[in-house]
>>> print(open('protein_10.cif').read())   # mmCIF, C-alpha atoms
data_data
loop_
_atom_site.label_atom_id
_atom_site.label_comp_id
_atom_site.auth_asym_id
_atom_site.auth_seq_id
_atom_site.Cartn_x
_atom_site.Cartn_y
_atom_site.Cartn_z
CA MET K 89 7.13 -33.18 128.13
CA ASN K 90 8.12 -29.62 129.06
CA SER K 91 11.38 -29.72 127.13
CA ARG K 92 9.66 -31.23 124.08
CA ALA K 93 7.06 -28.47 124.14
CA PHE K 94 9.80 -25.85 124.49
CA MET K 95 11.67 -27.28 121.50
CA ALA K 96 8.44 -27.44 119.49
CA VAL K 97 7.74 -23.73 120.06
CA LEU K 98 11.33 -22.85 119.21
CA ARG K 99 11.32 -24.97 116.06
CA ARG K 100 7.95 -23.65 114.89
CA ASP K 101 8.98 -20.01 115.32
CA LEU K 102 12.28 -20.54 113.52
CA LEU K 103 10.49 -22.38 110.70
CA LEU K 104 7.97 -19.53 110.41
CA ALA K 105 10.83 -17.02 110.29
CA MET K 106 12.40 -19.00 107.45
CA ARG K 107 9.10 -18.94 105.54
CA ARG K 108 8.42 -15.24 106.21
CA LYS K 109 11.86 -14.05 105.19
CA SER K 110 10.77 -10.53 104.29
CA GLU K 111 9.73 -9.73 107.86
CA VAL K 112 13.07 -10.84 109.25
CA LEU K 113 15.06 -9.14 106.53
CA THR K 114 13.24 -5.81 107.03
CA ALA K 115 14.69 -5.41 110.53
CA VAL K 116 18.17 -6.53 109.52
CA PHE K 117 18.15 -4.35 106.41
CA PHE K 118 17.08 -1.37 108.54
CA PHE K 119 20.14 -1.87 110.75
CA VAL K 120 22.46 -2.12 107.74
CA VAL K 121 20.99 1.01 106.13
CA VAL K 122 21.24 3.09 109.31
CA ALA K 123 24.83 2.00 109.90
CA ALA K 124 25.75 2.60 106.25
CA LEU K 125 24.16 6.05 105.95
CA PHE K 126 25.73 7.63 109.02
CA PRO K 127 29.34 7.64 107.73
CA LEU K 128 28.09 9.17 104.47
CA GLY K 129 26.20 11.87 106.34
CA ILE K 130 28.93 12.71 108.81
CA GLY K 131 31.77 12.83 106.30
CA PRO K 132 35.21 11.26 106.08
CA GLU K 133 36.57 12.68 109.37
CA LEU K 134 37.89 9.43 110.91
CA LYS K 135 38.18 10.78 114.43
CA THR K 136 34.53 11.82 114.51
CA LEU K 137 33.43 8.52 112.99
CA ARG K 138 35.31 6.51 115.61
CA LEU K 139 33.71 8.66 118.29
CA VAL K 140 30.11 8.19 117.16
CA ALA K 141 30.43 4.56 116.00
CA PRO K 142 29.36 2.72 119.19
CA GLY K 143 26.39 5.00 119.75
CA VAL K 144 25.18 4.83 116.15
CA LEU K 145 25.51 1.06 115.93
CA TRP K 146 23.79 0.54 119.27
CA VAL K 147 20.90 2.87 118.48
CA GLY K 148 20.55 1.14 115.11
CA ALA K 149 20.43 -2.28 116.77
CA LEU K 150 17.96 -1.03 119.37
CA LEU K 151 15.54 0.48 116.86
CA SER K 152 15.81 -2.49 114.55
CA SER K 153 14.91 -4.87 117.39
CA MET K 154 11.93 -2.58 118.21
CA LEU K 155 10.68 -3.15 114.65
CA ALA K 156 10.48 -6.91 115.16
CA LEU K 157 9.06 -6.66 118.70
CA GLN K 158 5.57 -5.57 117.71
CA ARG K 159 5.02 -8.82 115.86
CA LEU K 160 6.32 -11.06 118.63
CA PHE K 161 2.93 -12.24 119.95
CA GLU K 162 0.60 -10.53 117.46
CA ALA K 163 0.15 -13.38 114.95
CA ASP K 164 -0.15 -16.05 117.66
CA TYR K 165 -2.76 -13.94 119.41
CA ARG K 166 -4.86 -13.47 116.29
CA ASP K 167 -4.85 -17.06 115.02
CA GLY K 168 -5.52 -18.72 118.40
CA THR K 169 -2.08 -20.29 118.82
CA LEU K 170 -1.59 -18.33 122.02
CA GLU K 171 -4.80 -19.82 123.47
CA GLN K 172 -3.52 -23.30 122.73
CA MET K 173 -0.20 -22.46 124.36
CA ALA K 174 -2.01 -21.17 127.44
CA LEU K 175 -4.04 -24.41 127.54
CA SER K 176 -1.02 -26.65 127.17
CA PRO K 177 -0.16 -28.74 130.23
CA ALA K 178 3.44 -27.55 129.72
CA SER K 179 4.29 -24.42 131.67
CA LEU K 180 3.45 -21.21 129.82
CA PRO K 181 6.58 -19.30 130.93
CA LEU K 182 8.69 -22.09 129.45
CA LEU K 183 6.83 -21.97 126.14
CA ILE K 184 7.23 -18.18 126.13
CA SER K 185 10.96 -18.50 126.70
CA GLY K 186 11.01 -20.69 123.58
CA LYS K 187 9.39 -17.85 121.67
CA LEU K 188 11.77 -15.26 123.15
CA LEU K 189 14.80 -17.39 122.29
CA ALA K 190 13.54 -17.82 118.73
CA HIS K 191 12.95 -14.07 118.52
CA TRP K 192 16.50 -13.33 119.66
CA LEU K 193 18.00 -15.89 117.26
CA VAL K 194 16.08 -14.32 114.38
CA SER K 195 16.31 -10.63 115.19
CA GLY K 196 19.27 -10.30 117.56
CA VAL K 197 21.94 -12.70 116.33
CA PRO K 198 22.07 -11.25 112.78
CA LEU K 199 22.78 -7.83 114.32
CA VAL K 200 25.59 -9.26 116.46
CA LEU K 201 27.14 -10.92 113.39
CA LEU K 202 26.78 -7.85 111.18
CA ALA K 203 28.05 -5.31 113.71
CA PRO K 204 31.82 -5.96 113.23
CA VAL K 205 31.43 -5.66 109.45
CA LEU K 206 29.48 -2.43 109.72
CA GLY K 207 31.92 -1.18 112.36
CA LEU K 208 34.65 -1.21 109.74
CA GLN K 209 32.96 1.72 108.00
CA PHE K 210 33.56 3.76 111.14
CA ASP K 211 37.26 2.85 111.19
CA LEU K 212 36.97 1.04 114.51
CA PRO K 213 40.15 -0.81 115.54
CA ALA K 214 40.07 -4.59 115.94
CA ASP K 215 39.75 -4.65 119.74
CA ALA K 216 36.91 -2.13 119.61
CA LEU K 217 35.11 -4.31 117.04
CA LEU K 218 35.49 -7.32 119.30
CA THR K 219 34.20 -5.35 122.29
CA LEU K 220 31.24 -4.10 120.26
CA THR K 221 30.35 -7.65 119.21
CA VAL K 222 30.56 -9.02 122.76
CA ALA K 223 28.54 -6.08 124.10
CA LEU K 224 25.84 -6.70 121.49
CA LEU K 225 25.92 -10.42 122.24
CA LEU K 226 25.14 -9.64 125.89
CA GLY K 227 22.82 -6.72 125.20
CA THR K 228 20.53 -7.87 122.36
CA PRO K 229 19.00 -10.73 124.42
CA ILE K 230 18.04 -8.13 127.04
CA LEU K 231 16.28 -6.16 124.30
CA SER K 232 14.28 -9.27 123.31
CA LEU K 233 13.50 -10.25 126.92
CA VAL K 234 12.46 -6.82 128.20
CA GLY K 235 10.81 -5.96 124.90
CA GLY K 236 8.80 -9.18 125.15
CA ILE K 237 7.18 -7.95 128.36
CA GLY K 238 6.18 -4.73 126.59
CA ALA K 239 4.86 -6.66 123.59
CA ALA K 240 2.80 -8.90 125.89
CA LEU K 241 1.41 -5.94 127.84
CA THR K 242 0.35 -4.02 124.71
CA LEU K 243 -1.11 -7.08 122.96
CA GLY K 244 -4.50 -6.40 121.44
CA VAL K 245 -4.35 -2.70 122.29
CA ARG K 246 -5.20 -0.35 119.43
CA GLY K 247 -2.17 1.75 118.56
CA GLY K 248 -0.11 -0.68 120.58
CA GLY K 249 3.00 0.12 118.55
CA VAL K 250 3.38 3.64 119.94
CA LEU K 251 2.55 2.49 123.44
CA LEU K 252 5.11 -0.29 123.15
CA SER K 253 7.84 2.20 122.21
CA LEU K 254 6.89 4.50 125.09
CA LEU K 255 6.87 1.59 127.50
CA VAL K 256 10.01 -0.17 126.42
CA LEU K 257 12.46 2.47 125.17
CA PRO K 258 13.12 3.96 128.65
CA LEU K 259 13.93 0.43 129.85
CA PHE K 260 16.40 0.03 127.00
CA VAL K 261 18.37 3.12 128.07
CA PRO K 262 20.67 1.35 130.58
CA VAL K 263 21.48 -1.32 127.98
CA LEU K 264 22.31 1.41 125.47
CA VAL K 265 24.44 3.36 127.95
CA PHE K 266 26.53 0.40 129.07
CA GLY K 267 26.60 -1.30 125.67
CA ALA K 268 27.91 1.76 123.86
CA GLY K 269 30.02 2.69 126.90
CA ALA K 270 31.85 -0.65 126.70
CA VAL K 271 33.36 0.26 123.33
CA GLU K 272 34.41 3.73 124.51
CA ALA K 273 35.97 2.27 127.66
CA GLN K 274 37.92 -0.20 125.53
CA THR K 275 39.25 2.43 123.09
CA SER K 276 40.19 4.82 125.91
CA GLY K 277 42.27 2.03 127.47
CA LEU K 278 40.14 1.44 130.58
CA GLY K 279 38.99 -2.00 129.50
CA ALA K 280 35.38 -3.06 129.03
CA GLN K 281 35.31 -5.65 131.82
CA ALA K 282 33.11 -3.57 134.13
CA HIS K 283 30.62 -2.80 131.38
CA PHE K 284 30.36 -6.48 130.42
CA SER K 285 29.71 -7.37 134.06
CA ILE K 286 26.92 -4.83 134.29
CA LEU K 287 25.36 -6.04 131.02
CA MET K 288 25.54 -9.60 132.36
CA ALA K 289 23.95 -8.44 135.62
CA MET K 290 21.06 -7.07 133.57
CA LEU K 291 20.81 -10.11 131.32
CA LEU K 292 20.54 -12.81 133.97
CA PRO K 293 17.56 -11.43 135.95
CA ALA K 294 15.88 -10.48 132.66
CA ALA K 295 16.30 -14.05 131.39
CA PHE K 296 14.86 -15.46 134.60
CA PHE K 297 11.94 -13.10 135.23
CA SER K 298 10.87 -12.02 131.75
CA PRO K 299 9.11 -15.29 130.75
CA PHE K 300 7.02 -15.18 133.95
CA ALA K 301 6.10 -11.52 133.40
CA CYS K 302 5.25 -12.21 129.74
CA ALA K 303 3.12 -15.23 130.69
CA ALA K 304 1.19 -13.23 133.29
CA ALA K 305 0.59 -10.37 130.82
CA LEU K 306 -0.47 -12.79 128.06
CA ARG K 307 -2.99 -14.56 130.32
CA ILE K 308 -4.56 -11.15 131.01
CA ALA K 309 -4.61 -10.35 127.28
CA LEU K 310 -6.39 -13.65 126.58
CA GLU K 311 -9.21 -13.12 129.08
CA MET M 208 -16.42 -35.63 135.15
CA LEU M 209 -16.98 -31.96 134.59
CA SER M 210 -19.32 -30.00 136.80
CA ILE M 211 -20.14 -26.36 136.41
CA SER M 212 -21.98 -24.69 139.23
CA GLN M 213 -23.72 -21.33 139.36
CA LEU M 214 -21.48 -19.67 136.86
CA SER M 215 -22.13 -16.06 135.97
CA CYS M 216 -20.29 -13.81 133.61
CA SER M 217 -20.50 -10.20 132.50
CA ARG M 218 -18.84 -8.11 129.85
CA GLY M 219 -18.14 -4.61 131.10
CA ASN M 220 -21.21 -3.57 133.07
CA LYS M 221 -23.53 -5.79 131.11
CA PRO M 222 -24.30 -9.20 132.64
CA LEU M 223 -24.21 -11.99 130.03
CA PHE M 224 -25.60 -14.95 131.95
CA THR M 225 -26.11 -15.89 135.58
CA ASP M 226 -26.47 -19.15 137.50
CA VAL M 227 -25.46 -21.61 134.82
CA SER M 228 -25.09 -25.11 136.25
CA LEU M 229 -24.19 -28.12 134.13
CA ASN M 230 -22.87 -31.63 134.61
CA LEU M 231 -21.07 -33.74 132.08
CA GLN M 232 -20.29 -37.38 132.84
CA ALA M 233 -17.98 -39.71 130.97
CA GLY M 234 -19.75 -40.89 127.81
CA GLN M 235 -21.98 -37.85 127.46
CA ALA M 236 -22.29 -35.16 124.83
CA LEU M 237 -23.75 -31.75 125.58
CA HIS M 238 -25.00 -29.38 122.93
CA LEU M 239 -24.91 -25.78 124.13
CA GLU M 240 -27.54 -23.69 122.36
CA GLY M 241 -28.29 -20.02 122.50
CA ASP M 242 -28.85 -16.89 120.44
CA ASN M 243 -25.99 -14.85 119.05
CA GLY M 244 -24.23 -12.83 121.70
CA VAL M 245 -25.74 -14.70 124.62
CA GLY M 246 -22.32 -15.80 125.85
CA LYS M 247 -21.73 -19.31 124.50
CA THR M 248 -18.13 -18.64 123.60
CA SER M 249 -17.56 -16.83 126.91
CA LEU M 250 -18.96 -19.86 128.76
CA LEU M 251 -16.67 -22.24 126.88
CA ARG M 252 -13.66 -20.02 127.57
CA ILE M 253 -14.52 -20.00 131.28
CA VAL M 254 -14.86 -23.78 131.22
CA CYS M 255 -11.40 -24.02 129.66
CA GLY M 256 -9.96 -21.69 132.27
CA LEU M 257 -8.99 -19.01 129.76
CA SER M 258 -11.30 -16.37 131.23
CA PRO M 259 -12.34 -15.90 134.85
CA ALA M 260 -16.00 -16.12 135.85
CA ASP M 261 -17.66 -13.43 137.97
CA SER M 262 -18.83 -16.11 140.33
CA GLY M 263 -19.33 -19.87 140.42
CA GLU M 264 -16.83 -22.59 139.73
CA VAL M 265 -15.81 -25.28 137.28
CA ARG M 266 -14.74 -28.59 138.74
CA TRP M 267 -12.97 -31.49 137.06
CA HIS M 268 -13.27 -34.76 139.00
CA GLY M 269 -14.27 -32.79 142.07
CA GLU M 270 -11.32 -30.37 142.07
CA THR M 271 -11.57 -26.78 140.90
CA VAL M 272 -9.77 -26.40 137.59
CA GLN M 273 -7.63 -23.51 138.86
CA HIS M 274 -6.10 -25.75 141.51
CA HIS M 275 -5.42 -28.67 139.22
CA ALA M 276 -4.61 -26.72 136.10
CA THR M 277 -1.93 -29.05 134.75
CA ALA M 278 -3.99 -32.23 135.08
CA TYR M 279 -7.07 -30.47 133.70
CA ARG M 280 -5.24 -29.04 130.70
CA ALA M 281 -3.79 -32.47 129.90
CA ALA M 282 -7.37 -33.82 129.81
CA LEU M 283 -8.79 -30.96 127.75
CA PHE M 284 -8.97 -30.31 124.05
CA TYR M 285 -10.31 -26.90 123.05
CA LEU M 286 -11.14 -25.71 119.57
CA GLY M 287 -12.04 -22.04 119.50
CA HIS M 288 -12.77 -19.52 116.77
CA GLY M 289 -9.05 -19.09 116.16
CA LEU M 290 -7.99 -22.37 114.59
CA SER M 291 -4.41 -22.10 115.83
CA LEU M 292 -3.05 -22.93 112.39
CA LYS M 293 -0.07 -21.25 110.76
CA GLU M 294 -0.63 -20.21 107.16
CA GLU M 295 3.01 -20.69 106.21
CA LEU M 296 3.25 -24.25 107.53
CA THR M 297 1.90 -27.35 105.84
CA ALA M 298 -1.00 -29.32 107.30
CA VAL M 299 1.35 -32.02 108.67
CA GLU M 300 3.74 -29.48 110.18
CA ASN M 301 0.81 -27.74 111.84
CA LEU M 302 -0.45 -30.97 113.38
CA LEU M 303 2.97 -32.08 114.58
CA SER M 304 3.99 -28.78 116.15
CA ASP M 305 0.58 -28.33 117.73
CA ALA M 306 0.68 -31.80 119.29
CA ALA M 307 4.17 -31.23 120.66
CA VAL M 308 3.20 -27.87 122.18
CA ALA M 309 0.15 -29.49 123.77
CA GLY M 310 2.38 -32.20 125.23
CA ARG M 311 0.94 -35.00 123.11
CA THR M 312 2.96 -37.56 121.21
CA LEU M 313 2.16 -37.73 117.52
CA THR M 314 4.22 -39.35 114.82
CA GLN M 315 4.34 -38.22 111.21
CA ALA M 316 2.54 -41.42 110.17
CA GLN M 317 -0.28 -40.81 112.67
CA ALA M 318 -0.62 -37.22 111.45
CA LEU M 319 -0.90 -38.39 107.84
CA VAL M 320 -3.57 -40.95 108.79
CA ALA M 321 -5.54 -38.29 110.70
CA LEU M 322 -5.44 -35.90 107.72
CA ALA M 323 -6.45 -38.66 105.33
CA ARG M 324 -9.45 -39.50 107.56
CA MET M 325 -10.51 -35.85 107.40
CA GLY M 326 -10.47 -36.09 103.60
CA LEU M 327 -7.23 -34.20 103.03
CA ARG M 328 -5.31 -37.00 101.31
CA GLY M 329 -2.87 -35.52 98.82
CA ARG M 330 -2.96 -32.10 100.49
CA GLU M 331 -0.91 -33.01 103.56
CA HIS M 332 2.13 -31.10 102.37
CA LEU M 333 0.39 -27.99 101.09
CA PRO M 334 0.87 -24.79 103.05
CA LEU M 335 -2.35 -23.72 104.77
CA ARG M 336 -2.48 -20.40 102.94
CA VAL M 337 -3.45 -22.12 99.66
CA MET M 338 -6.26 -24.09 101.31
CA SER M 339 -9.93 -23.12 101.43
CA GLN M 340 -11.67 -22.18 104.67
CA GLY M 341 -13.30 -25.61 104.88
CA GLN M 342 -10.01 -27.42 104.33
CA LYS M 343 -8.40 -25.34 107.07
CA ARG M 344 -11.18 -26.33 109.44
CA ARG M 345 -10.71 -29.97 108.43
CA THR M 346 -7.04 -29.64 109.29
CA ALA M 347 -7.92 -28.15 112.67
CA LEU M 348 -10.42 -30.96 113.29
CA ALA M 349 -7.83 -33.60 112.34
CA ARG M 350 -6.26 -32.70 115.69
CA LEU M 351 -9.26 -34.38 117.36
CA LEU M 352 -8.15 -37.69 115.87
CA ALA M 353 -4.67 -37.20 117.27
CA SER M 354 -5.92 -36.14 120.68
CA GLN M 355 -6.04 -38.49 123.66
CA ALA M 356 -7.86 -35.92 125.80
CA PRO M 357 -11.13 -37.19 127.30
CA LEU M 358 -12.85 -33.77 127.33
CA TRP M 359 -13.47 -32.01 124.04
CA VAL M 360 -14.71 -28.43 124.16
CA LEU M 361 -15.62 -27.33 120.65
CA ASP M 362 -16.86 -23.89 119.66
CA GLU M 363 -18.96 -24.11 116.49
CA PRO M 364 -17.19 -27.20 115.11
CA PHE M 365 -19.63 -27.61 112.21
CA VAL M 366 -19.11 -24.17 110.67
CA ALA M 367 -17.76 -23.98 107.09
CA LEU M 368 -17.77 -27.75 106.59
CA ASP M 369 -19.42 -29.49 103.63
CA THR M 370 -22.09 -32.15 104.30
CA GLN M 371 -19.59 -34.99 103.94
CA ALA M 372 -17.25 -33.45 106.52
CA VAL M 373 -20.18 -32.71 108.84
CA ASP M 374 -21.16 -36.41 108.70
CA GLY M 375 -17.55 -37.41 109.34
CA LEU M 376 -17.32 -35.12 112.33
CA ARG M 377 -20.62 -36.42 113.76
CA VAL M 378 -19.29 -39.96 113.57
CA LEU M 379 -16.02 -38.83 115.14
CA LEU M 380 -17.81 -37.18 118.08
CA ALA M 381 -20.12 -40.18 118.49
CA GLU M 382 -17.18 -42.60 118.60
CA HIS M 383 -15.43 -40.43 121.18
CA VAL M 384 -18.53 -40.38 123.38
CA ALA M 385 -19.07 -44.12 122.90
CA HIS M 386 -15.53 -44.72 124.15
CA GLY M 387 -16.24 -42.83 127.36
CA GLY M 388 -15.20 -39.37 126.24
CA MET M 389 -17.02 -36.12 126.88
CA VAL M 390 -17.98 -33.52 124.30
CA LEU M 391 -19.23 -30.02 125.01
CA PHE M 392 -20.01 -28.11 121.84
CA THR M 393 -21.97 -25.18 120.48
CA SER M 394 -23.93 -25.19 117.26
CA HIS M 395 -26.88 -23.32 115.81
CA GLN M 396 -28.20 -26.42 114.05
CA PRO M 397 -29.69 -29.46 115.77
CA VAL M 398 -27.01 -32.16 115.85
CA ALA M 399 -27.64 -35.91 115.94
CA LEU M 400 -24.62 -38.06 116.66
CA THR M 401 -24.48 -41.53 115.13
CA ARG M 402 -21.63 -43.99 115.40
CA ALA M 403 -20.04 -45.56 112.33
CA ASP M 404 -22.20 -48.69 112.86
CA GLY M 405 -25.39 -46.59 112.88
CA VAL M 406 -26.05 -46.59 116.63
CA ALA M 407 -27.38 -43.23 117.73
CA ILE M 408 -25.75 -41.46 120.67
CA ASP M 409 -27.87 -39.43 123.02
CA VAL M 410 -27.08 -35.71 122.97
CA GLN M 411 -28.24 -33.51 125.81
CA THR M 412 -29.01 -29.91 125.05
CA TYR M 413 -28.69 -26.91 127.28
CA ARG M 414 -30.19 -23.63 126.22
CA LEU M 415 -28.18 -20.67 127.47
CA LYS M 416 -30.41 -17.74 128.32
CA GLY M 417 -29.12 -14.22 128.52
CA VAL M 418 -29.99 -11.76 131.25
CA SER M 419 -32.64 -9.47 129.82
#
>>> encode(input="protein_10.cif", output="structure tokens")
Amino acid sequence: MNSRAFMAVLRRDLLLAMRRKSEVLTAVFFFVVVAALFPLGIGPELKTLRLVAPGVLWVGALLSSMLALQRLFEADYRDGTLEQMALSPASLPLLISGKLLAHWLVSGVPLVLLAPVLGLQFDLPADALLTLTVALLLGTPILSLVGGIGAALTLGVRGGGVLLSLLVLPLFVPVLVFGAGAVEAQTSGLGAQAHFSILMAMLLPAAFFSPFACAAALRIALE
Amino acid sequence: MLSISQLSCSRGNKPLFTDVSLNLQAGQALHLEGDNGVGKTSLLRIVCGLSPADSGEVRWHGETVQHHATAYRAALFYLGHGLSLKEELTAVENLLSDAAVAGRTLTQAQALVALARMGLRGREHLPLRVMSQGQKRRTALARLLASQAPLWVLDEPFVALDTQAVDGLRVLLAEHVAHGGMVLFTSHQPVALTRADGVAIDVQTYRLKGVS
């Protein structure tokens, strides 16, 4: 029963994302625009572009995932779906992990897939592009998982958007540092292995604990 | 059976109600009455375990609902003010995903039958956003037909329904009670439940009084 409920939440959220394309595309388009405007603003100096590329792409990905975060639980909270999830005999943390997975598939995976294409504008070499993609693949789920806790905590709060940014952005800093650092380490010849390990070490506890933290925060929001 | 003993609840510093005790046996319906703002919805949410009470407890078959949450939730169907329907999904998709999340088995055919019984034949595959308020509520109530839960907790189930749908819902509740189910509902109108064959079902009423 638990796995069926998990799949049902995942399928429903993906189906909703397909039907509300504009919301999904806004965040992705934001990322593309940010990554496309920077090279134009900085100028054609290839050395500078290569230097700023990882940082710009990571900040773009981070802010674009913030855009989608505010809506993570908002609609479900307003239309009563969250109540029904809380009243389901299936475990709430499991249902929430279905939502978080759907959120990452919709808002994180497109960024991972687009990053190597956008990286070309910054004249990144092939191995740096690969490193960037892997770093984003490990880092964007952390953004969804940790961001989910923030979204659950600020649910139903007036002006929750600003509070969410204040709450969550400091927690994103380590992901940004090691994610962008991985690409620099690769281009400087050190290898990105250590950075990947650290990102993985952040991802695994986040994946385990975040659904429980979200579920606890959501139960408080529903009271 | 459901037993509620000496429940009290407050919002902020203001007490809503104190010492509410109720019992609901299998095959009984209870109509919860009360003025606006007296705490009917709060009481139902406490009964469901969504909100905590200041004091008192809710027991299901003798066990407090907090301790047997999984078994209690499997036996409970709650319809609140939020209908838990997605505007972008069709009526059938809503029913199917809702049943799966609630851990119930529901086939497409059963969902279509339930919607047809609620008078939504021909509108099963319309997205909810093009439906009227009453049709949305009919879709939400079609979940009752698909539910195997013995305890139904319904907050204002008769709102926004036309007379035909109100009659249909009364029959539905009566049949559920006649088959040994329990219904706890709020309504501002007097409600008489009659089964499809015309047999009347006894409805108890409880008037919730606020703390003045």
>>> closest_atom_pairs(input="protein_10.cif", of="chain K", to="chain M", cutoff="12 Å", atoms="all atoms listed in the file", output="CSV")
residue,atom,partner,partner_atom,distance
K:Met89,CA,M:Gly310,CA,5.7
K:Asn90,CA,M:Gly310,CA,7.4
K:Ser91,CA,M:Gly310,CA,9.5
K:Arg92,CA,M:Ala307,CA,6.5
K:Ala93,CA,M:Val308,CA,4.4
K:Phe94,CA,M:Val308,CA,7.3
K:Met95,CA,M:Val308,CA,8.5
K:Ala96,CA,M:Ser304,CA,5.7
K:Val97,CA,M:Val308,CA,6.5
K:Leu98,CA,M:Ser304,CA,9.9
K:Arg99,CA,M:Ser304,CA,8.3
K:Arg100,CA,M:Ser304,CA,6.6
K:Asp101,CA,M:Ser304,CA,10.1
K:Leu102,CA,M:Leu296,CA,11.5
K:Leu103,CA,M:Leu296,CA,8.1
K:Leu104,CA,M:Glu295,CA,6.6
K:Ala105,CA,M:Glu295,CA,9.6
K:Met106,CA,M:Glu295,CA,9.6
K:Arg107,CA,M:Glu295,CA,6.4
K:Arg108,CA,M:Glu295,CA,7.7
K:Lys109,CA,M:Glu295,CA,11.1
K:Ala163,CA,M:Lys293,CA,8.9
K:Asp164,CA,M:Ser291,CA,7.6
K:Tyr165,CA,M:Gly289,CA,8.8
K:Arg166,CA,M:Gly289,CA,7.0
K:Asp167,CA,M:Gly289,CA,4.8
K:Gly168,CA,M:Gly289,CA,4.2
K:Thr169,CA,M:Ser291,CA,4.2
K:Leu170,CA,M:Ser291,CA,7.8
K:Glu171,CA,M:Leu257,CA,7.6
K:Gln172,CA,M:Ser291,CA,7.1
K:Met173,CA,M:Val308,CA,6.8
K:Ala174,CA,M:Leu257,CA,7.7
K:Leu175,CA,M:Arg280,CA,5.7
K:Ser176,CA,M:Ala309,CA,4.6
K:Pro177,CA,M:Thr277,CA,4.9
K:Ala178,CA,M:Gly310,CA,6.6
K:Ser179,CA,M:Thr277,CA,8.3
K:Leu180,CA,M:Val308,CA,10.1
K:Leu182,CA,M:Val308,CA,10.8
K:Leu183,CA,M:Val308,CA,8.0
K:Ile184,CA,M:Val308,CA,11.2
K:Gly186,CA,M:Val308,CA,10.7
K:Lys187,CA,M:Val308,CA,11.8
K:Leu306,CA,M:Leu257,CA,10.7
K:Arg307,CA,M:Leu257,CA,7.5
K:Ile308,CA,M:Ser258,CA,8.5
K:Ala309,CA,M:Ser258,CA,9.8
K:Leu310,CA,M:Leu257,CA,6.8
K:Glu311,CA,M:Ser258,CA,4.4
>>> residues_near_point(input="protein_10.cif", point="(14.7, 0.3, 116.4)", cutoff="12 Å", atoms="only C-alpha atoms", output="number ranges by chain")
K: 114-120, 122, 144-158, 195-196, 199, 228, 231-232, 235, 249, 252-253, 256-257, 260, 264
>>> atom_distance(input="protein_10.cif", atom1="atom CA of Ser185 of chain K", atom2="atom CA of Ile286 of chain K")
22.3 Å
>>> atom_distance(input="protein_10.cif", atom1="atom CA of Leu214 of chain M", atom2="atom CA of Asp226 of chain M")
5.1 Å
>>> atom_distance(input="protein_10.cif", atom1="atom CA of Leu189 of chain K", atom2="atom CA of Pro299 of chain K")
10.4 Å
>>> residues_around(input="protein_10.cif", residues="Gly405 of chain M", least_positions_apart="3", cutoff="12 Å", atoms="only C-alpha atoms", output="ChimeraX atom specification")
/M:374,377-378,381-382,399-402,408
>>> write_last_selection(input="protein_10.cif", atoms="C-alpha atoms", output="PDB file, in the coordinates of the input")
ATOM      1  CA  ASP M 374     -21.160 -36.410 108.700  1.00  0.00           C
ATOM      2  CA  ARG M 377     -20.620 -36.420 113.760  1.00  0.00           C
ATOM      3  CA  VAL M 378     -19.290 -39.960 113.570  1.00  0.00           C
ATOM      4  CA  ALA M 381     -20.120 -40.180 118.490  1.00  0.00           C
ATOM      5  CA  GLU M 382     -17.180 -42.600 118.600  1.00  0.00           C
ATOM      6  CA  ALA M 399     -27.640 -35.910 115.940  1.00  0.00           C
ATOM      7  CA  LEU M 400     -24.620 -38.060 116.660  1.00  0.00           C
ATOM      8  CA  THR M 401     -24.480 -41.530 115.130  1.00  0.00           C
ATOM      9  CA  ARG M 402     -21.630 -43.990 115.400  1.00  0.00           C
ATOM     10  CA  ILE M 408     -25.750 -41.460 120.670  1.00  0.00           C
TER      11      ILE M 408
END
>>> residues_around(input="protein_10.cif", residues="Gly387 of chain M", least_positions_apart="3", cutoff="10 Å", atoms="all atoms listed in the file", output="MDAnalysis selection string")
chainID M and resid 232:235 357:358 382:384 390
